[in-house]
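Novice: Input my_file21.txt, format and content: compact mmCIF, C-alpha atoms.
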```txt
# COMPACT_ATOMS: atom_id res chain seq x y z
CA MET A 10 9.49 -13.27 -11.32
CA LYS A 11 11.82 -11.23 -9.12
CA MET A 12 11.40 -11.83 -5.40
CA ASN A 13 12.25 -9.39 -2.61
CA LYS A 14 12.58 -10.06 1.11
CA LEU A 15 10.38 -8.01 3.42
CA GLY A 16 12.94 -6.09 5.44
CA ARG A 17 15.15 -8.44 7.41
CA THR A 18 12.56 -11.21 7.55
CA GLN A 19 12.74 -14.44 5.58
CA ILE A 20 9.42 -13.67 3.88
CA GLU A 21 9.85 -13.30 0.12
CA VAL A 22 7.30 -11.42 -1.96
CA THR A 23 6.96 -10.77 -5.65
CA GLU A 24 7.86 -7.27 -6.82
CA PHE A 25 4.19 -6.75 -7.71
CA CYS A 26 1.37 -7.14 -5.17
CA LEU A 27 -2.36 -7.50 -5.83
CA GLY A 28 -4.37 -4.81 -4.07
CA SER A 29 -7.90 -5.53 -2.92
CA MET A 30 -9.58 -2.35 -1.74
CA THR A 31 -12.36 -2.43 -4.38
CA TRP A 32 -13.47 -5.99 -3.59
CA GLY A 33 -16.93 -5.78 -2.09
CA THR A 34 -18.01 -2.43 -3.53
CA GLN A 35 -16.74 -1.95 -7.08
CA ASN A 36 -16.00 -5.66 -7.51
CA THR A 37 -18.14 -8.71 -6.68
CA VAL A 38 -16.91 -11.84 -4.92
CA ASP A 39 -16.59 -13.70 -8.23
CA GLU A 40 -14.68 -10.82 -9.85
CA ALA A 41 -12.30 -10.63 -6.89
CA HIS A 42 -11.66 -14.37 -7.04
CA GLU A 43 -11.01 -14.13 -10.79
CA GLN A 44 -8.40 -11.46 -10.10
CA ILE A 45 -6.70 -13.62 -7.47
CA ASP A 46 -6.67 -16.65 -9.76
CA TYR A 47 -5.18 -14.66 -12.63
CA ALA A 48 -2.54 -12.96 -10.46
CA LEU A 49 -1.36 -16.23 -8.90
CA ASP A 50 -1.24 -17.93 -12.29
CA ALA A 51 0.93 -15.02 -13.48
CA GLY A 52 3.39 -15.67 -10.65
CA ILE A 53 2.32 -13.10 -8.05
CA ASN A 54 2.33 -14.40 -4.47
CA PHE A 55 1.39 -11.25 -2.51
CA ILE A 56 -2.07 -9.83 -1.66
CA ASP A 57 -2.62 -6.67 0.39
CA THR A 58 -5.84 -5.88 2.24
CA ALA A 59 -7.11 -4.13 5.40
CA GLU A 60 -9.80 -4.66 8.00
CA MET A 61 -11.56 -1.43 6.91
CA TYR A 62 -11.76 -2.41 3.21
CA PRO A 63 -13.49 -2.06 0.81
CA VAL A 64 -13.44 1.64 -0.06
CA ASN A 65 -15.40 3.73 -2.57
CA PRO A 66 -17.18 4.22 -0.25
CA ILE A 67 -16.07 3.19 3.23
CA GLY A 68 -19.10 2.28 5.32
CA ALA A 69 -20.09 0.52 8.52
CA GLU A 70 -21.98 -2.08 6.51
CA THR A 71 -18.95 -2.95 4.36
CA VAL A 72 -16.09 -2.98 6.93
CA GLY A 73 -14.32 -6.33 6.79
CA ARG A 74 -16.01 -7.43 3.57
CA THR A 75 -12.77 -7.57 1.56
CA GLU A 76 -11.09 -9.82 4.11
CA ARG A 77 -14.16 -12.08 4.00
CA ILE A 78 -13.91 -12.29 0.21
CA ILE A 79 -10.27 -13.40 0.50
CA GLY A 80 -11.28 -15.89 3.18
CA LEU A 81 -13.88 -17.37 0.84
CA TRP A 82 -11.16 -17.79 -1.79
CA PHE A 83 -8.89 -19.57 0.72
CA ASP A 84 -11.83 -21.77 1.68
CA ARG A 85 -12.54 -22.58 -1.95
CA ASP A 86 -9.03 -23.28 -3.23
CA MET A 87 -7.09 -24.32 -0.11
CA ARG A 88 -4.02 -22.49 -1.47
CA ARG A 89 -3.10 -20.55 1.66
CA ASP A 90 0.53 -21.65 1.49
CA GLU A 91 0.92 -20.05 -1.95
CA VAL A 92 0.01 -16.55 -0.76
CA VAL A 93 1.72 -13.94 1.39
CA ILE A 94 -1.19 -12.03 2.92
CA ALA A 95 -0.85 -8.53 4.37
CA THR A 96 -3.60 -6.77 6.26
CA LYS A 97 -3.91 -3.64 8.41
CA HIS A 98 -5.15 -2.52 11.82
CA SER A 99 -7.25 0.66 11.51
CA GLY A 100 -6.27 3.54 13.75
CA GLU A 101 -7.57 6.51 15.66
CA GLY A 102 -10.46 8.46 14.18
CA LEU A 103 -12.22 5.83 12.08
CA GLU A 104 -15.44 5.72 14.09
CA ILE A 105 -16.89 2.71 12.27
CA VAL A 106 -14.07 0.49 13.54
CA ARG A 107 -13.81 0.11 17.35
CA GLU A 108 -15.46 3.53 17.72
CA GLY A 109 -12.31 5.23 16.49
CA ALA A 110 -10.04 3.89 19.24
CA PRO A 111 -6.30 4.45 18.77
CA ILE A 112 -4.01 1.48 18.22
CA SER A 113 -2.87 -0.02 21.54
CA SER A 114 -2.33 -3.26 23.38
CA ASP A 115 -6.05 -3.09 24.18
CA THR A 116 -7.03 -3.25 20.49
CA ILE A 117 -4.37 -5.38 18.81
CA ALA A 118 -5.43 -8.86 19.98
CA ASP A 119 -9.07 -8.27 19.07
CA ALA A 120 -8.17 -6.74 15.70
CA VAL A 121 -5.88 -9.66 14.84
CA GLU A 122 -8.56 -12.19 15.81
CA GLY A 123 -11.13 -10.39 13.66
CA SER A 124 -8.87 -10.45 10.62
CA LEU A 125 -7.96 -14.11 11.16
CA ARG A 126 -11.63 -15.03 11.39
CA ARG A 127 -12.63 -13.13 8.26
CA LEU A 128 -9.62 -14.35 6.28
CA LYS A 129 -10.24 -17.95 7.39
CA THR A 130 -6.57 -18.41 8.21
CA ASP A 131 -4.43 -19.20 11.24
CA TYR A 132 -1.79 -16.58 10.56
CA ILE A 133 -1.14 -13.22 8.89
CA ASP A 134 2.16 -12.87 7.07
CA LEU A 135 2.46 -9.09 7.40
CA TYR A 136 0.43 -7.16 9.98
CA GLN A 137 0.48 -3.40 9.40
CA PHE A 138 -0.69 -0.33 11.30
CA HIS A 139 -2.78 1.59 8.76
CA TRP A 140 -1.76 5.06 10.00
CA PRO A 141 0.07 6.34 13.09
CA ASN A 142 -1.81 7.36 16.24
CA ARG A 143 -0.15 10.77 16.19
CA GLY A 144 -1.47 11.51 12.69
CA SER A 145 0.17 11.55 9.28
CA TYR A 146 1.17 14.00 6.58
CA MET A 147 -0.14 11.63 3.91
CA PHE A 148 -3.35 12.20 1.98
CA ARG A 149 -2.33 15.73 0.93
CA LYS A 150 -1.86 16.85 4.54
CA ASN A 151 1.81 17.57 3.82
CA TRP A 152 0.93 21.08 2.63
CA SER A 153 -0.02 22.19 6.16
CA PHE A 154 1.79 19.60 8.26
CA ASP A 155 2.57 20.76 11.81
CA PRO A 156 4.02 18.18 14.23
CA SER A 157 4.45 20.63 17.11
CA SER A 158 1.43 19.28 19.00
CA GLN A 159 2.79 15.72 19.07
CA LEU A 160 3.89 14.48 22.50
CA VAL A 161 7.05 12.46 21.97
CA VAL A 162 6.82 10.71 25.34
CA ASN A 163 3.30 9.50 24.52
CA THR A 164 4.48 8.22 21.15
CA LYS A 165 7.35 6.25 22.67
CA GLU A 166 5.10 4.74 25.35
CA HIS A 167 2.58 3.76 22.69
CA MET A 168 5.25 2.08 20.56
CA GLU A 169 6.59 0.04 23.47
CA ASP A 170 3.05 -0.93 24.49
CA ALA A 171 2.08 -1.96 20.95
CA LEU A 172 5.28 -3.92 20.36
CA GLY A 173 4.62 -5.96 23.49
CA ALA A 174 1.18 -6.89 22.18
CA LEU A 175 2.58 -7.67 18.74
CA GLN A 176 5.27 -9.90 20.21
CA ALA A 177 2.57 -11.87 22.01
CA GLN A 178 0.96 -12.48 18.62
CA VAL A 179 4.29 -13.52 17.12
CA LYS A 180 4.74 -16.07 19.92
CA ARG A 181 1.21 -17.39 19.26
CA GLY A 182 2.09 -17.74 15.59
CA THR A 183 -0.76 -15.47 14.44
CA ILE A 184 1.50 -12.89 12.79
CA ARG A 185 4.83 -13.43 11.07
CA SER A 186 6.02 -9.84 10.59
CA PHE A 187 5.11 -6.23 11.29
CA GLY A 188 4.81 -3.23 9.00
CA LEU A 189 3.77 0.41 9.04
CA SER A 190 1.68 2.47 6.66
CA ASN A 191 1.39 6.21 5.96
CA GLU A 192 4.43 6.69 8.18
CA SER A 193 7.29 9.18 8.26
CA ALA A 194 11.07 8.84 8.53
CA TRP A 195 11.02 9.97 12.17
CA GLY A 196 8.21 7.57 13.05
CA THR A 197 9.85 4.63 11.31
CA THR A 198 13.18 5.16 13.07
CA LYS A 199 11.42 5.47 16.43
CA TRP A 200 9.68 2.12 15.84
CA LEU A 201 13.05 0.59 14.97
CA GLU A 202 14.63 2.03 18.10
CA ALA A 203 11.74 0.80 20.26
CA ALA A 204 12.12 -2.74 18.93
CA GLU A 205 15.82 -2.68 19.84
CA ARG A 206 15.03 -1.24 23.26
CA VAL A 207 12.17 -3.47 24.41
CA GLY A 208 11.95 -6.29 21.87
CA GLY A 209 9.05 -7.08 19.64
CA PRO A 210 8.97 -7.45 15.87
CA ARG A 211 11.23 -5.14 13.90
CA VAL A 212 9.54 -3.02 11.24
CA ALA A 213 9.86 -4.91 7.95
CA SER A 214 8.06 -2.54 5.60
CA VAL A 215 6.28 0.78 5.17
CA GLN A 216 3.26 1.06 2.91
CA ASN A 217 3.12 4.65 1.64
CA GLU A 218 1.73 6.29 -1.46
CA TYR A 219 4.30 6.38 -4.25
CA SER A 220 4.05 7.07 -7.97
CA LEU A 221 5.40 9.30 -10.71
CA LEU A 222 3.10 11.99 -9.32
CA CYS A 223 3.72 11.40 -5.61
CA ARG A 224 7.39 11.14 -4.70
CA LEU A 225 7.48 12.23 -1.05
CA TYR A 226 9.34 9.00 -0.30
CA ASP A 227 12.38 9.89 -2.40
CA THR A 228 14.53 11.57 0.25
CA ASP A 229 14.41 10.86 4.00
CA MET A 230 12.22 7.78 3.75
CA ALA A 231 14.35 6.41 0.91
CA GLU A 232 17.42 6.69 3.13
CA VAL A 233 15.68 4.93 6.02
CA SER A 234 14.55 2.15 3.67
CA VAL A 235 17.97 1.49 2.21
CA GLN A 236 20.07 1.90 5.35
CA GLU A 237 17.69 0.14 7.75
CA ASP A 238 16.33 -2.58 5.43
CA VAL A 239 12.74 -1.40 5.57
CA SER A 240 10.97 -2.17 2.30
CA LEU A 241 8.54 0.23 0.63
CA LEU A 242 5.20 -1.24 -0.39
CA ALA A 243 3.99 1.40 -2.84
CA TYR A 244 0.26 2.06 -2.95
CA SER A 245 -1.54 4.10 -5.63
CA PRO A 246 1.34 3.64 -8.11
CA LEU A 247 -1.01 4.81 -10.89
CA ALA A 248 -2.13 7.83 -8.85
CA ALA A 249 -5.72 6.56 -8.55
CA GLY A 250 -5.81 6.01 -12.30
CA LEU A 251 -4.49 9.42 -13.38
CA LEU A 252 -1.35 7.92 -14.90
CA THR A 253 -3.36 5.69 -17.22
CA GLY A 254 -4.53 8.82 -19.03
CA LYS A 255 -8.18 7.86 -18.77
CA TYR A 256 -9.14 11.11 -17.01
CA GLN A 257 -7.43 13.48 -19.45
CA ASN A 258 -9.52 16.13 -21.24
CA ASN A 259 -12.22 16.02 -18.55
CA ALA A 260 -13.09 12.37 -19.23
CA VAL A 261 -14.81 10.47 -16.41
CA PRO A 262 -15.39 6.84 -17.44
CA GLY A 263 -18.45 5.19 -15.96
CA GLY A 264 -17.68 3.11 -12.88
CA SER A 265 -14.24 4.70 -12.48
CA ARG A 266 -12.96 6.01 -9.16
CA MET A 267 -13.43 9.58 -10.32
CA SER A 268 -17.11 8.85 -10.95
CA LEU A 269 -17.33 8.07 -7.22
CA ASN A 270 -14.74 10.54 -5.88
CA THR A 271 -14.59 13.61 -8.12
CA ASN A 272 -11.19 14.95 -6.98
CA LEU A 273 -9.56 11.54 -6.38
CA GLY A 274 -8.72 12.38 -2.80
CA GLY A 275 -7.11 15.71 -3.74
CA ARG A 276 -5.07 14.26 -6.61
CA ALA A 277 -7.06 15.69 -9.53
CA THR A 278 -5.42 19.10 -9.84
CA GLU A 279 -4.67 21.18 -12.92
CA ARG A 280 -0.95 20.64 -12.39
CA ALA A 281 -1.47 16.88 -12.10
CA PHE A 282 -3.17 16.71 -15.49
CA ALA A 283 -0.31 18.70 -17.02
CA ALA A 284 2.23 16.28 -15.52
CA VAL A 285 0.24 13.28 -16.75
CA ALA A 286 0.23 14.74 -20.26
CA ALA A 287 4.03 14.90 -20.17
CA TYR A 288 4.32 11.28 -19.00
CA LEU A 289 1.79 10.16 -21.62
CA ASP A 290 3.95 11.81 -24.27
CA ILE A 291 6.97 9.73 -23.18
CA ALA A 292 4.92 6.54 -23.32
CA GLN A 293 3.49 7.37 -26.75
CA ARG A 294 6.87 8.20 -28.29
CA HIS A 295 8.42 4.98 -26.98
CA GLY A 296 5.47 2.74 -27.82
CA LEU A 297 4.69 1.96 -24.18
CA ASP A 298 1.41 1.51 -22.37
CA PRO A 299 1.34 4.43 -19.89
CA ALA A 300 0.12 2.32 -16.97
CA GLN A 301 2.81 -0.27 -17.58
CA MET A 302 5.45 2.43 -17.87
CA ALA A 303 4.41 3.95 -14.53
CA LEU A 304 4.43 0.58 -12.78
CA ALA A 305 7.71 -0.54 -14.35
CA TRP A 306 9.34 2.72 -13.25
CA CYS A 307 8.30 2.07 -9.64
CA LYS A 308 10.08 -1.27 -9.56
CA THR A 309 13.36 0.43 -10.56
CA ARG A 310 13.55 2.34 -7.29
CA PRO A 311 16.30 1.14 -4.90
CA PHE A 312 13.99 0.95 -1.87
CA MET A 313 11.09 -0.92 -3.48
CA GLY A 314 9.78 -4.06 -1.84
CA SER A 315 6.61 -4.48 -3.87
CA VAL A 316 4.33 -2.33 -6.04
CA ILE A 317 0.66 -2.67 -5.09
CA PHE A 318 -1.70 -2.47 -8.05
CA GLY A 319 -5.41 -3.09 -8.37
CA GLY A 320 -8.18 -2.80 -10.93
CA THR A 321 -11.91 -2.95 -11.27
CA THR A 322 -11.84 -4.93 -14.53
CA MET A 323 -9.83 -7.89 -15.74
CA ASP A 324 -8.49 -5.72 -18.57
CA HIS A 325 -6.99 -3.44 -15.90
CA ILE A 326 -5.49 -6.39 -14.06
CA LYS A 327 -4.01 -7.94 -17.20
CA THR A 328 -2.51 -4.63 -18.32
CA ASN A 329 -0.98 -3.98 -14.93
CA ILE A 330 0.46 -7.47 -14.59
CA GLY A 331 2.00 -7.01 -18.02
CA ALA A 332 4.32 -4.43 -16.45
CA MET A 333 6.17 -7.22 -14.67
CA ALA A 334 7.90 -8.13 -17.91
CA LEU A 335 8.74 -4.54 -18.84
CA ASP A 336 12.21 -3.11 -18.23
CA LEU A 337 12.52 0.57 -19.06
CA SER A 338 15.44 1.80 -21.13
CA ASP A 339 17.91 4.32 -19.71
CA GLU A 340 16.55 6.84 -22.20
CA VAL A 341 13.00 6.48 -20.90
CA VAL A 342 14.14 6.78 -17.29
CA LYS A 343 16.08 9.96 -18.11
CA GLU A 344 13.03 11.46 -19.79
CA ILE A 345 10.90 10.55 -16.78
CA ASP A 346 13.42 12.29 -14.50
CA ALA A 347 13.24 15.40 -16.68
CA VAL A 348 9.44 15.49 -16.47
CA HIS A 349 9.61 15.11 -12.70
CA ARG A 350 11.91 18.13 -12.45
CA ASN A 351 9.48 20.17 -14.54
CA HIS A 352 6.37 18.93 -12.71
CA PRO A 353 7.36 18.31 -9.06
CA MET A 354 4.68 17.54 -6.48
CA PRO A 355 1.68 18.19 -8.75
CA TYR A 356 -0.81 17.53 -5.95
```
Do you think you could lay out the structure here as structure tokens?
Specialist:
Amino acid sequence: MKMNKLGRTQIEVTEFCLGSMTWGTQNTVDEAHEQIDYALDAGINFIDTAEMYPVNPIGAETVGRTERIIGLWFDRDMRRDEVVIATKHSGEGLEIVREGAPISSDTIADAVEGSLRRLKTDYIDLYQFHWPNRGSYMFRKNWSFDPSSQLVVNTKEHMEDALGALQAQVKRGTIRSFGLSNESAWGTTKWLEAAERVGGPRVASVQNEYSLLCRLYDTDMAEVSVQEDVSLLAYSPLAAGLLTGKYQNNAVPGGSRMSLNTNLGGRATERAFAAVAAYLDIAQRHGLDPAQMALAWCKTRPFMGSVIFGGTTMDHIKTNIGAMALDLSDEVVKEIDAVHRNHPMPY
């Protein structure tokens, strides 16, 4: 199993990471624990979660449930030292968590303590901010993105304030490293500059959406990642299941994400289905499972720290983990590049 360091830290993670956002809604406690057992036995050491999980749907009654499920697993197996655990601090606008308060020194200590309590652990390996206070162009907001209302001075003050609170947690030993999520190149560099200016943990990673269908990361963010040693943790590498092919020809399998979210968060467009058809053709001609091809392609990218996958069934998990052993040929990669040129930004 290939291991990658998170940024400039000494924390090493496997190139595949087990995602957890369905644990507590679409998956039971026992199913979640079975997934963890299988992933660790396969060599994976990295689990990603968030205080607001599970999703599908997000609700006040379910907030924190996924962390509790992981905590029950730690309690059961006492294997905390075998796992790198990443979680996230929810940000401004999510009313069911801290009444939608923005991230600040006033919220960080309480949020960390809540996650530690639910996870039944003394420390968090990677503590991430789920989205920036100033907003984000992720989640299909890139089409109308307008940063002109952002106040740069407020952003810089917030970063310095938050880094001070994070450093206090580092000194306590409750967090080992710091990461961002749904962040931009400008935001990431400003966090890096703030850490140099006032101290505090340096950004080790950015968790952004990345897949064959969503390649916003490929230019400015890719350069930041490579030149500044900030690892990408890619979420939705199967584009919410689109790249498996299971939604082609108007199919909606029972219990699937599309059965709960009909447009897959804005991903299910006509152009997306056309792009998926082209990728499925490559997989079929080369005798590859399409999900494994999509995941294996992600790990080829020069900025990749870890590819976060999930699944609601053990068949999904086993298929996805099978991608760890798959190395794509140069021919397949060239064909994938050609499809991307013909089907750029399909949603």
Novice: Looking at A:Val64, A:Leu252, A:Ala59, A:Ile20, which one is nearest to Leu125 (chain A), with distances taken over all atoms listed in the file?
Specialist: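 Result for the nearest residue to Leu125 (chain A): A:Ala59.
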Novice: Between A:Tyr244, A:Phe154, A:Tyr356, A:Phe187, which has the minimum distance to Leu15 (chain A) (counting all atoms listed in the file)?
Specialist: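 Using all atoms listed in the file, Leu15 (chain A) sits closest to A:Phe187.
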Novice: For Thr31 (chain A), which residue among A:Ala287, A:Ile67, A:Ala203, A:Ala177 is the nearest when counting only C-alpha atoms?
Specialist: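 Residue with the minimum atom-to-atom distance to Thr31 (chain A): A:Ile67.
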Novice: Show me a table, sorted first by chain and then by increasing residue number, of the residues of region 81-173 of chain A having an atom at most 9 Å from region 33-52 of chain A, each with its shortest atom pair and the distance in Å to one decimal, counting all atoms listed in the file and written as CSV.
Specialist:
```
residue,atom,partner,partner_atom,distance
A:Leu81,CA,A:Val38,CA,8.5
A:Trp82,CA,A:His42,CA,6.3
A:Glu91,CA,A:Leu49,CA,8.3
A:Val92,CA,A:Leu49,CA,8.3
```
Novice: Give me, please, the distance in Å between CA of Cys307 (chain A) and CA of Lys343 (chain A), quoted to one decimal.
Specialist: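 Separation of CA of Cys307 (chain A) and CA of Lys343 (chain A): 13.9 Å.
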Novice: Excluding Gly196 (chain A) and its own-chain neighbours fewer than 6 positions away, which residues fall within 10 Å of it when counting only C-alpha atoms? Please give them as a list of chain:residue names.
Specialist: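 So, after excluding close chain neighbours, the residues are A:Pro141, A:Arg143, A:Ser145, A:Thr164, A:Lys165, A:Met168, A:Leu189, A:Glu202.
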Novice: Write out as a list in words the residues lying within 7 Å of Arg185 (chain A), counting all atoms listed in the file and excluding same-chain residues fewer than 6 positions away.
Specialist: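 Those residues are Ile133, Asp134, Leu135 and Val179 of chain A.
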Novice: Keeping only C-alpha atoms, write those residues as a PDB file, keeping the file's coordinate frame.
Specialist:
```pdb
ATOM      1  CA  ILE A 133      -1.140 -13.220   8.890  1.00  0.00           C
ATOM      2  CA  ASP A 134       2.160 -12.870   7.070  1.00  0.00           C
ATOM      3  CA  LEU A 135       2.460  -9.090   7.400  1.00  0.00           C
ATOM      4  CA  VAL A 179       4.290 -13.520  17.120  1.00  0.00           C
TER       5      VAL A 179
END
```
Novice: May I have the residues within 8 Å of region 316-318 of chain A as a compact mmCIF listing (two decimals) with C-alpha atoms, in the coordinates of the input, using all atoms listed in the file and disregarding those fewer than 3 positions away in the same chain?
Specialist:
```
# COMPACT_ATOMS: atom_id res chain seq x y z
CA GLU A 24 7.86 -7.27 -6.82
CA PHE A 25 4.19 -6.75 -7.71
CA CYS A 26 1.37 -7.14 -5.17
CA LEU A 27 -2.36 -7.50 -5.83
CA GLY A 28 -4.37 -4.81 -4.07
CA ASP A 57 -2.62 -6.67 0.39
CA LEU A 242 5.20 -1.24 -0.39
CA ALA A 243 3.99 1.40 -2.84
CA TYR A 244 0.26 2.06 -2.95
CA SER A 245 -1.54 4.10 -5.63
CA PRO A 246 1.34 3.64 -8.11
CA LEU A 247 -1.01 4.81 -10.89
CA LEU A 304 4.43 0.58 -12.78
CA CYS A 307 8.30 2.07 -9.64
CA LYS A 308 10.08 -1.27 -9.56
CA MET A 313 11.09 -0.92 -3.48
CA ASN A 329 -0.98 -3.98 -14.93
```
Novice: Find the residues around region 84-88 of chain A up to 10 Å (all atoms listed in the file counted), leave out those fewer than 5 positions away in its own chain, and share them as a compact mmCIF listing (two decimals) with C-alpha atoms, keeping the file's coordinate frame.
Specialist:
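Okay, this is what ended up in selection_39.txt:
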```
# COMPACT_ATOMS: atom_id res chain seq x y z
CA HIS A 42 -11.66 -14.37 -7.04
CA ASP A 46 -6.67 -16.65 -9.76
CA ILE A 78 -13.91 -12.29 0.21
CA ILE A 79 -10.27 -13.40 0.50
CA LEU A 128 -9.62 -14.35 6.28
CA LYS A 129 -10.24 -17.95 7.39
CA THR A 130 -6.57 -18.41 8.21
```
Novice: Pick from A:Leu221, A:Ile330, A:Ala231, A:Ala213: nearest to Thr18 (chain A), with all atoms listed in the file counted?
Specialist: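 Among the listed residues, A:Ala213 lies closest to Thr18 (chain A).
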Novice: Would you work out the distance separating CA of Leu335 (chain A) from CA of Asn13 (chain A), expressed in Å to one decimal?
Specialist: 17.3 Å
Novice: For Ala305 (chain A), find every residue with an atom within 8 Å (counting all atoms listed in the file), except residues of its own chain fewer than 3 positions away, and show them as a PDB file with C-alpha atoms, in the frame of the given file.
Specialist:
```
ATOM      1  CA  GLN A 301       2.810  -0.270 -17.580  1.00  0.00           C
ATOM      2  CA  MET A 302       5.450   2.430 -17.870  1.00  0.00           C
ATOM      3  CA  LYS A 308      10.080  -1.270  -9.560  1.00  0.00           C
ATOM      4  CA  THR A 309      13.360   0.430 -10.560  1.00  0.00           C
ATOM      5  CA  ALA A 332       4.320  -4.430 -16.450  1.00  0.00           C
ATOM      6  CA  MET A 333       6.170  -7.220 -14.670  1.00  0.00           C
ATOM      7  CA  LEU A 335       8.740  -4.540 -18.840  1.00  0.00           C
ATOM      8  CA  ASP A 336      12.210  -3.110 -18.230  1.00  0.00           C
ATOM      9  CA  LEU A 337      12.520   0.570 -19.060  1.00  0.00           C
TER      10      LEU A 337
END
```
Novice: Find, counting all atoms listed in the file, the residue in A:Val342, A:Val215, A:Val239, A:Leu103 that gets nearest to Val72 (chain A).
Specialist: A:Leu103
Novice: Taking all atoms listed in the file into account, name the residue in A:Asn151, A:Asp298, A:Thr23, A:Gly250 that is nearest to Pro262 (chain A).
Specialist: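 Of A:Asn151, A:Asp298, A:Thr23, A:Gly250, the one nearest Pro262 (chain A) is A:Gly250, counting all atoms listed in the file.
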Novice: One decimal, Å: what's the distance from CA of Asn270 (chain A) over to CA of Thr328 (chain A), could you say?
Specialist: 23.1 Å
